[in-house]
Amino acid sequence: MDVRRIVTLDDPALADYSRLTDVALRRVTEPEGGLYLAESTKVITRALAAGHTPRSVLLQEQWLPDVEPLLADHPEVPVYVGDAATLETLTGYHLHRGAMASMHRPALPPVPEVLQDARRVVVLDGLVDHTNVGAIFRSVAALGADAVLVTPTCADPLYRRSVRVSMGTVLQVPWTRLPEWAAPSGTTPGAAELLHASGFHIAALALSDDAVTLDRFAVEPPERVAIVMGAEGDGLGRRALAAADTIVTIPMMHGVDSLNVASASAVALWALRTGGSADAEPMRRNIEP
């Protein structure tokens with residue numbers, strides 16, 4: 001490895017870790033591409049397994065043996081080494097698990113490509129909390145959904161905190177950005193049109209007088225379902241609700257009207273994980289005729 005001990009924190013090569021915000025990192029190689037930060041050896045491993053290219057690595061000395069095999073195919077990548085205090089001064093926070101990599105952002109695939117072989121996808125509409133975005137990606141990976149699609153107003157899944165909270169699953173779950181829900185006439189297709197063209201039933205999780213409860217919807221769900229999750233606090237906007245084929249709600253008790261959006265995604269994905277299989281029988285028996 002190209003190991004470089006940190007002598008001064010003013011080294012311009014360390015700017016990715018000290019002087020660039022997540023927004024600035026995205027613009028390093030404008031007009032497209034950019035960088036993101038992968039924190040911990042586990043996340044770096046998943047980033048490399050996904051085919052992402054590292055630009056540099058920052059770590060504590062004791063993590064060199066763990067990182068060395070990961071960079072076997074990237075001997076040209078500089079590895080900056082310092083003690084815990086130096087790295088915390090550089091980055092402004094405690095370096096989780098002692099290692100971080102500056103990675104080149106991959107190009108996002110077209111929406112039809114992500115949807116081609118998918119049956120269950122999650123659409124994040126206007127979420128602004130990076131912790132929730134990361135937690136939803138982790139639920140998607142754990143509970144077997146096929147992809148995540150994010151609207152133009154949704155927070156960046158490759159923001160450092162999103163990647164960290166997702167435990168790196170944001171790097172293994174296929175995802176891409178959708179356009180606005182309804183495109184102006186004569187322009188490229190909007191989000192609803194793209195989902196419908198790929199055979200997806202749009203199920204919006206929201207409170208509504210005409211909503212179907214999740215347990216009922218899960219008895220015989222459509223073959224392909226796009227579960228739409230709304231922003232924290234305000235929920236889904238009128239455009240997303242207008243695009244929905246079905247509005248689905250999770251029944252609540254004790255006067256609680258809703259769950260945190262990340263928790264709601266896990267509940268919905270678990271309920272829809274089997275479709276009409278035998279595992280769903282206990283759920284059927286609990287539904288009133």
# chains A, B, ... in the order shown; residues from 1 in each chain; ligands from 1
call {"tool": "residues_around", "arguments": {"residues": "region 245-251 of chain A", "least_positions_apart": "4", "cutoff": "7 Å", "atoms": "only C-alpha atoms", "output": "compact mmCIF listing (two decimals) with N, CA, C and O atoms, in the first residue's frame"}}
result
# COMPACT_ATOMS: atom_id res chain seq x y z
N HIS A 201 -47.70 -1.36 -8.97
CA HIS A 201 -48.84 -0.80 -8.26
C HIS A 201 -48.27 0.16 -7.21
O HIS A 201 -47.45 -0.24 -6.39
N ILE A 202 -48.70 1.40 -7.23
CA ILE A 202 -48.16 2.40 -6.31
C ILE A 202 -49.01 2.41 -5.04
O ILE A 202 -50.19 2.76 -5.07
N ALA A 203 -48.39 2.01 -3.93
CA ALA A 203 -49.07 1.96 -2.63
C ALA A 203 -48.46 3.02 -1.73
O ALA A 203 -47.31 2.91 -1.31
N ALA A 204 -49.22 4.06 -1.44
CA ALA A 204 -48.73 5.17 -0.63
C ALA A 204 -49.12 4.95 0.83
O ALA A 204 -50.30 4.75 1.14
N LEU A 205 -48.14 4.97 1.73
CA LEU A 205 -48.43 4.85 3.16
C LEU A 205 -48.82 6.23 3.70
O LEU A 205 -47.99 7.14 3.73
N ALA A 206 -50.09 6.35 4.09
CA ALA A 206 -50.59 7.65 4.54
C ALA A 206 -51.88 7.47 5.31
O ALA A 206 -52.50 6.40 5.27
N LEU A 207 -52.26 8.49 6.04
CA LEU A 207 -53.54 8.51 6.73
C LEU A 207 -54.60 9.07 5.79
O LEU A 207 -54.42 10.14 5.21
N ALA A 211 -58.30 4.84 3.12
CA ALA A 211 -57.11 3.98 3.10
C ALA A 211 -57.49 2.53 3.41
O ALA A 211 -58.45 2.25 4.13
N VAL A 212 -56.69 1.62 2.86
CA VAL A 212 -56.80 0.19 3.14
C VAL A 212 -55.77 -0.15 4.20
O VAL A 212 -54.62 0.32 4.14
N THR A 213 -56.14 -0.94 5.19
CA THR A 213 -55.16 -1.30 6.21
C THR A 213 -54.09 -2.21 5.61
O THR A 213 -54.35 -2.98 4.68
N LEU A 214 -52.89 -2.14 6.17
CA LEU A 214 -51.77 -2.90 5.64
C LEU A 214 -52.03 -4.40 5.67
O LEU A 214 -51.68 -5.11 4.74
call {"tool": "residues_around", "arguments": {"residues": "Leu272 (chain A)", "least_positions_apart": "4", "cutoff": "12 Å", "atoms": "only C-alpha atoms", "output": "ChimeraX atom specification"}}
result
/A:119-122,140,143-145,203,214-227,248,265-268,276-277,279-280,283
call {"tool": "write_last_selection", "arguments": {"atoms": "C-alpha atoms", "output": "compact mmCIF listing (two decimals), in the first residue's frame"}}
result
# COMPACT_ATOMS: atom_id res chain seq x y z
CA ARG A 119 -41.03 -6.93 -7.34
CA ARG A 120 -40.90 -4.82 -4.19
CA VAL A 121 -39.41 -1.33 -4.20
CA VAL A 122 -39.52 1.55 -1.74
CA VAL A 140 -34.84 -2.87 2.57
CA LEU A 143 -36.38 -7.66 4.62
CA GLY A 144 -35.84 -8.49 0.99
CA ALA A 145 -37.06 -5.55 -1.07
CA ALA A 203 -49.07 1.96 -2.63
CA LEU A 214 -51.77 -2.90 5.64
CA ASP A 215 -52.89 -6.34 6.80
CA ARG A 216 -55.75 -6.36 4.28
CA PHE A 217 -53.50 -5.12 1.48
CA ALA A 218 -50.93 -7.82 2.31
CA VAL A 219 -53.38 -10.72 1.91
CA GLU A 220 -53.24 -10.67 -1.88
CA PRO A 221 -50.90 -7.85 -2.88
CA PRO A 222 -50.19 -6.99 -6.51
CA GLU A 223 -47.26 -8.83 -8.04
CA ARG A 224 -45.20 -5.64 -8.18
CA VAL A 225 -45.58 -3.02 -5.46
CA ALA A 226 -43.90 0.36 -5.01
CA ILE A 227 -44.27 1.40 -1.35
CA VAL A 248 -52.36 2.04 2.75
CA SER A 265 -40.97 1.04 6.24
CA ALA A 266 -39.83 -2.02 8.20
CA VAL A 267 -43.41 -2.90 9.18
CA ALA A 268 -44.66 -2.55 5.61
CA GLY A 276 -49.79 -14.84 -0.66
CA SER A 277 -47.54 -17.61 0.68
CA ASP A 279 -46.44 -17.77 5.93
CA ALA A 280 -49.17 -15.18 5.51
CA MET A 283 -52.26 -12.72 9.16
call {"tool": "closest_residue", "arguments": {"among": "A:Pro112, A:Gly237, A:Gly230, A:Gly190", "to": "Asn260 (chain A)", "atoms": "only C-alpha atoms"}}
result
A:Gly230
call {"tool": "closest_residue", "arguments": {"among": "A:Ala155, A:Val67, A:Val128, A:Ala262", "to": "Gly98 (chain A)", "atoms": "only C-alpha atoms"}}
result
A:Val67
call {"tool": "select_by_dssp", "arguments": {"residues": "region 181-283 of chain A", "states": "helix (DSSP H, G or I)", "output": "ChimeraX atom specification"}}
result
/A:191-197,214-219,238-243,261-271,278-283
call {"tool": "write_last_selection", "arguments": {"atoms": "C-alpha atoms", "output": "mmCIF file, in the first residue's frame"}}
result
data_model
loop_
_atom_site.group_PDB
_atom_site.id
_atom_site.type_symbol
_atom_site.label_atom_id
_atom_site.label_comp_id
_atom_site.auth_asym_id
_atom_site.auth_seq_id
_atom_site.Cartn_x
_atom_site.Cartn_y
_atom_site.Cartn_z
ATOM 1 C CA ALA A 191 -42.245 9.083 -11.653
ATOM 2 C CA ALA A 192 -45.781 7.665 -11.691
ATOM 3 C CA GLU A 193 -45.600 6.950 -15.416
ATOM 4 C CA LEU A 194 -42.238 5.204 -15.069
ATOM 5 C CA LEU A 195 -43.495 3.008 -12.223
ATOM 6 C CA HIS A 196 -46.706 2.112 -14.049
ATOM 7 C CA ALA A 197 -44.818 1.400 -17.272
ATOM 8 C CA LEU A 214 -51.771 -2.896 5.639
ATOM 9 C CA ASP A 215 -52.889 -6.343 6.802
ATOM 10 C CA ARG A 216 -55.746 -6.357 4.279
ATOM 11 C CA PHE A 217 -53.497 -5.121 1.481
ATOM 12 C CA ALA A 218 -50.929 -7.821 2.307
ATOM 13 C CA VAL A 219 -53.382 -10.719 1.908
ATOM 14 C CA ARG A 238 -50.665 15.835 -2.738
ATOM 15 C CA ARG A 239 -48.763 14.888 -5.898
ATOM 16 C CA ALA A 240 -47.590 11.598 -4.412
ATOM 17 C CA LEU A 241 -51.084 10.845 -3.085
ATOM 18 C CA ALA A 242 -52.625 11.655 -6.455
ATOM 19 C CA ALA A 243 -50.220 9.219 -8.135
ATOM 20 C CA VAL A 261 -40.976 6.680 8.776
ATOM 21 C CA ALA A 262 -38.066 4.238 9.109
ATOM 22 C CA SER A 263 -40.080 2.041 11.492
ATOM 23 C CA ALA A 264 -43.090 2.204 9.182
ATOM 24 C CA SER A 265 -40.973 1.040 6.244
ATOM 25 C CA ALA A 266 -39.832 -2.022 8.196
ATOM 26 C CA VAL A 267 -43.406 -2.904 9.181
ATOM 27 C CA ALA A 268 -44.659 -2.548 5.606
ATOM 28 C CA LEU A 269 -41.791 -4.543 4.119
ATOM 29 C CA TRP A 270 -42.248 -7.336 6.655
ATOM 30 C CA ALA A 271 -45.975 -7.519 5.954
ATOM 31 C CA ALA A 278 -48.348 -20.003 3.514
ATOM 32 C CA ASP A 279 -46.435 -17.772 5.932
ATOM 33 C CA ALA A 280 -49.166 -15.178 5.505
ATOM 34 C CA GLU A 281 -51.946 -17.474 6.791
ATOM 35 C CA PRO A 282 -51.823 -16.271 10.439
ATOM 36 C CA MET A 283 -52.256 -12.720 9.156
#
call {"tool": "residues_around", "arguments": {"residues": "Thr188 (chain A)", "least_positions_apart": "6", "cutoff": "12 Å", "atoms": "only C-alpha atoms", "output": "PyMOL selection string"}}
result
chain A and resi 178-182+194
call {"tool": "closest_residue", "arguments": {"among": "A:Trp175, A:Trp63, A:Tyr36, A:Tyr17", "to": "Ala147 (chain A)", "atoms": "only C-alpha atoms"}}
result
A:Trp175
call {"tool": "select_by_dssp", "arguments": {"residues": "region 11-233 of chain A", "states": "strand (DSSP E or B)", "output": "compact mmCIF listing (two decimals) with N, CA, C and O atoms, in the first residue's frame"}}
result
# COMPACT_ATOMS: atom_id res chain seq x y z
N LEU A 35 -17.82 12.77 -4.95
CA LEU A 35 -17.26 11.86 -3.96
C LEU A 35 -18.27 11.62 -2.84
O LEU A 35 -19.22 12.37 -2.67
N TYR A 36 -18.05 10.56 -2.08
CA TYR A 36 -18.76 10.35 -0.83
C TYR A 36 -17.79 9.68 0.14
O TYR A 36 -16.73 9.17 -0.27
N LEU A 37 -18.12 9.69 1.43
CA LEU A 37 -17.24 9.13 2.45
C LEU A 37 -17.82 7.81 2.97
O LEU A 37 -18.99 7.76 3.37
N ALA A 38 -17.00 6.78 2.94
CA ALA A 38 -17.37 5.46 3.47
C ALA A 38 -16.63 5.26 4.79
O ALA A 38 -15.41 5.22 4.82
N GLU A 39 -17.40 5.16 5.88
CA GLU A 39 -16.81 5.11 7.21
C GLU A 39 -16.90 3.71 7.80
O GLU A 39 -17.98 3.11 7.82
N PRO A 54 -12.01 3.83 -4.87
CA PRO A 54 -11.53 4.73 -3.82
C PRO A 54 -10.59 5.79 -4.36
O PRO A 54 -9.83 5.55 -5.30
N ARG A 55 -10.62 6.96 -3.75
CA ARG A 55 -9.68 8.02 -4.09
C ARG A 55 -8.56 8.09 -3.06
O ARG A 55 -7.41 8.32 -3.41
N SER A 56 -8.89 7.86 -1.79
CA SER A 56 -7.90 7.79 -0.72
C SER A 56 -8.54 7.13 0.49
O SER A 56 -9.76 6.96 0.55
N VAL A 57 -7.69 6.76 1.45
CA VAL A 57 -8.17 6.14 2.69
C VAL A 57 -7.51 6.85 3.87
O VAL A 57 -6.34 7.24 3.79
N LEU A 58 -8.26 7.01 4.94
CA LEU A 58 -7.77 7.64 6.16
C LEU A 58 -8.01 6.67 7.30
O LEU A 58 -9.13 6.17 7.47
N LEU A 59 -6.97 6.38 8.10
CA LEU A 59 -7.18 5.40 9.16
C LEU A 59 -6.15 5.51 10.28
O LEU A 59 -5.14 6.20 10.15
N PRO A 78 -3.62 6.34 -2.12
CA PRO A 78 -2.87 6.73 -0.93
C PRO A 78 -3.64 6.43 0.34
O PRO A 78 -4.87 6.63 0.41
N VAL A 79 -2.93 5.93 1.35
CA VAL A 79 -3.53 5.59 2.64
C VAL A 79 -2.90 6.51 3.69
O VAL A 79 -1.71 6.38 4.00
N TYR A 80 -3.68 7.43 4.23
CA TYR A 80 -3.17 8.40 5.20
C TYR A 80 -3.39 7.86 6.60
O TYR A 80 -4.51 7.47 6.97
N VAL A 81 -2.31 7.84 7.40
CA VAL A 81 -2.33 7.21 8.72
C VAL A 81 -2.03 8.24 9.80
O VAL A 81 -1.10 9.05 9.67
N ALA A 99 -11.44 3.87 10.46
CA ALA A 99 -11.07 3.96 9.04
C ALA A 99 -12.15 4.67 8.25
O ALA A 99 -13.34 4.58 8.56
N MET A 100 -11.74 5.40 7.22
CA MET A 100 -12.66 6.09 6.33
C MET A 100 -12.03 6.18 4.96
O MET A 100 -10.81 6.29 4.82
N ALA A 101 -12.86 6.10 3.93
CA ALA A 101 -12.36 6.20 2.56
C ALA A 101 -13.14 7.26 1.80
O ALA A 101 -14.36 7.39 1.97
N SER A 102 -12.45 8.02 1.00
CA SER A 102 -13.07 8.94 0.06
C SER A 102 -13.28 8.16 -1.23
O SER A 102 -12.33 7.68 -1.84
N MET A 103 -14.54 8.00 -1.62
CA MET A 103 -14.90 7.15 -2.76
C MET A 103 -15.49 7.98 -3.90
O MET A 103 -16.22 8.95 -3.67
N HIS A 104 -15.19 7.57 -5.11
CA HIS A 104 -15.83 8.20 -6.27
C HIS A 104 -17.27 7.71 -6.38
O HIS A 104 -17.54 6.51 -6.28
N ARG A 120 -40.58 -5.71 -5.30
CA ARG A 120 -40.90 -4.82 -4.19
C ARG A 120 -39.86 -3.70 -4.18
O ARG A 120 -38.66 -3.96 -4.09
N VAL A 121 -40.32 -2.47 -4.28
CA VAL A 121 -39.41 -1.33 -4.20
C VAL A 121 -39.98 -0.33 -3.21
O VAL A 121 -41.19 -0.29 -2.95
N VAL A 122 -39.11 0.50 -2.65
CA VAL A 122 -39.52 1.55 -1.74
C VAL A 122 -39.19 2.90 -2.39
O VAL A 122 -38.08 3.09 -2.90
N VAL A 123 -40.15 3.79 -2.37
CA VAL A 123 -39.96 5.14 -2.90
C VAL A 123 -39.93 6.12 -1.73
O VAL A 123 -40.86 6.15 -0.92
N LEU A 124 -38.85 6.89 -1.63
CA LEU A 124 -38.71 7.88 -0.56
C LEU A 124 -39.00 9.26 -1.14
O LEU A 124 -38.26 9.76 -1.99
N ALA A 147 -35.18 -2.68 -4.36
CA ALA A 147 -34.56 -1.41 -4.75
C ALA A 147 -35.20 -0.27 -3.98
O ALA A 147 -36.28 -0.40 -3.40
N VAL A 148 -34.52 0.86 -4.00
CA VAL A 148 -35.04 2.11 -3.44
C VAL A 148 -34.98 3.17 -4.53
O VAL A 148 -33.99 3.26 -5.26
N LEU A 149 -36.03 3.96 -4.63
CA LEU A 149 -36.04 5.10 -5.54
C LEU A 149 -36.31 6.35 -4.72
O LEU A 149 -37.15 6.34 -3.82
N VAL A 150 -35.61 7.42 -5.01
CA VAL A 150 -35.76 8.65 -4.23
C VAL A 150 -36.18 9.79 -5.15
O VAL A 150 -35.71 9.90 -6.29
N TRP A 175 -30.36 1.52 -6.24
CA TRP A 175 -31.18 2.71 -6.05
C TRP A 175 -30.88 3.73 -7.14
O TRP A 175 -29.83 3.69 -7.78
N THR A 176 -31.81 4.63 -7.32
CA THR A 176 -31.62 5.72 -8.25
C THR A 176 -32.63 6.82 -7.94
O THR A 176 -33.48 6.65 -7.07
N ARG A 177 -32.52 7.92 -8.66
CA ARG A 177 -33.44 9.05 -8.44
C ARG A 177 -34.56 9.04 -9.47
O ARG A 177 -34.35 8.75 -10.64
N HIS A 201 -47.70 -1.36 -8.97
CA HIS A 201 -48.84 -0.80 -8.26
C HIS A 201 -48.27 0.16 -7.21
O HIS A 201 -47.45 -0.24 -6.39
N ILE A 202 -48.70 1.40 -7.23
CA ILE A 202 -48.16 2.40 -6.31
C ILE A 202 -49.01 2.41 -5.04
O ILE A 202 -50.19 2.76 -5.07
N ALA A 203 -48.39 2.01 -3.93
CA ALA A 203 -49.07 1.96 -2.63
C ALA A 203 -48.46 3.02 -1.73
O ALA A 203 -47.31 2.91 -1.31
N ALA A 204 -49.22 4.06 -1.44
CA ALA A 204 -48.73 5.17 -0.63
C ALA A 204 -49.12 4.95 0.83
O ALA A 204 -50.30 4.75 1.14
N LEU A 205 -48.14 4.97 1.73
CA LEU A 205 -48.43 4.85 3.16
C LEU A 205 -48.82 6.23 3.70
O LEU A 205 -47.99 7.14 3.73
N VAL A 212 -56.69 1.62 2.86
CA VAL A 212 -56.80 0.19 3.14
C VAL A 212 -55.77 -0.15 4.20
O VAL A 212 -54.62 0.32 4.14
N THR A 213 -56.14 -0.94 5.19
CA THR A 213 -55.16 -1.30 6.21
C THR A 213 -54.09 -2.21 5.61
O THR A 213 -54.35 -2.98 4.68
N VAL A 225 -45.09 -4.09 -6.32
CA VAL A 225 -45.58 -3.02 -5.46
C VAL A 225 -44.46 -2.01 -5.21
O VAL A 225 -43.33 -2.39 -4.86
N ALA A 226 -44.79 -0.74 -5.39
CA ALA A 226 -43.90 0.36 -5.01
C ALA A 226 -44.49 1.00 -3.77
O ALA A 226 -45.58 1.58 -3.81
N ILE A 227 -43.80 0.87 -2.63
CA ILE A 227 -44.27 1.40 -1.35
C ILE A 227 -43.73 2.82 -1.21
O ILE A 227 -42.51 3.02 -1.14
N VAL A 228 -44.59 3.79 -1.15
CA VAL A 228 -44.17 5.20 -1.12
C VAL A 228 -44.22 5.71 0.32
O VAL A 228 -45.26 5.66 0.98
N MET A 229 -43.08 6.21 0.80
CA MET A 229 -42.95 6.73 2.15
C MET A 229 -42.77 8.25 2.08
O MET A 229 -41.96 8.74 1.29
N ALA A 231 -42.34 12.35 3.80
CA ALA A 231 -41.40 13.10 4.63
C ALA A 231 -41.78 13.02 6.10
O ALA A 231 -42.94 12.85 6.47
call {"tool": "residues_around", "arguments": {"residues": "Met167 (chain A)", "least_positions_apart": "6", "cutoff": "8 Å", "atoms": "only C-alpha atoms", "output": "JSON, numbers by chain"}}
result
{"A": [42, 43, 134, 138]}
call {"tool": "atom_distance", "arguments": {"atom1": "CA of Leu14 (chain A)", "atom2": "CA of Asn132 (chain A)"}}
result
29.0 Å
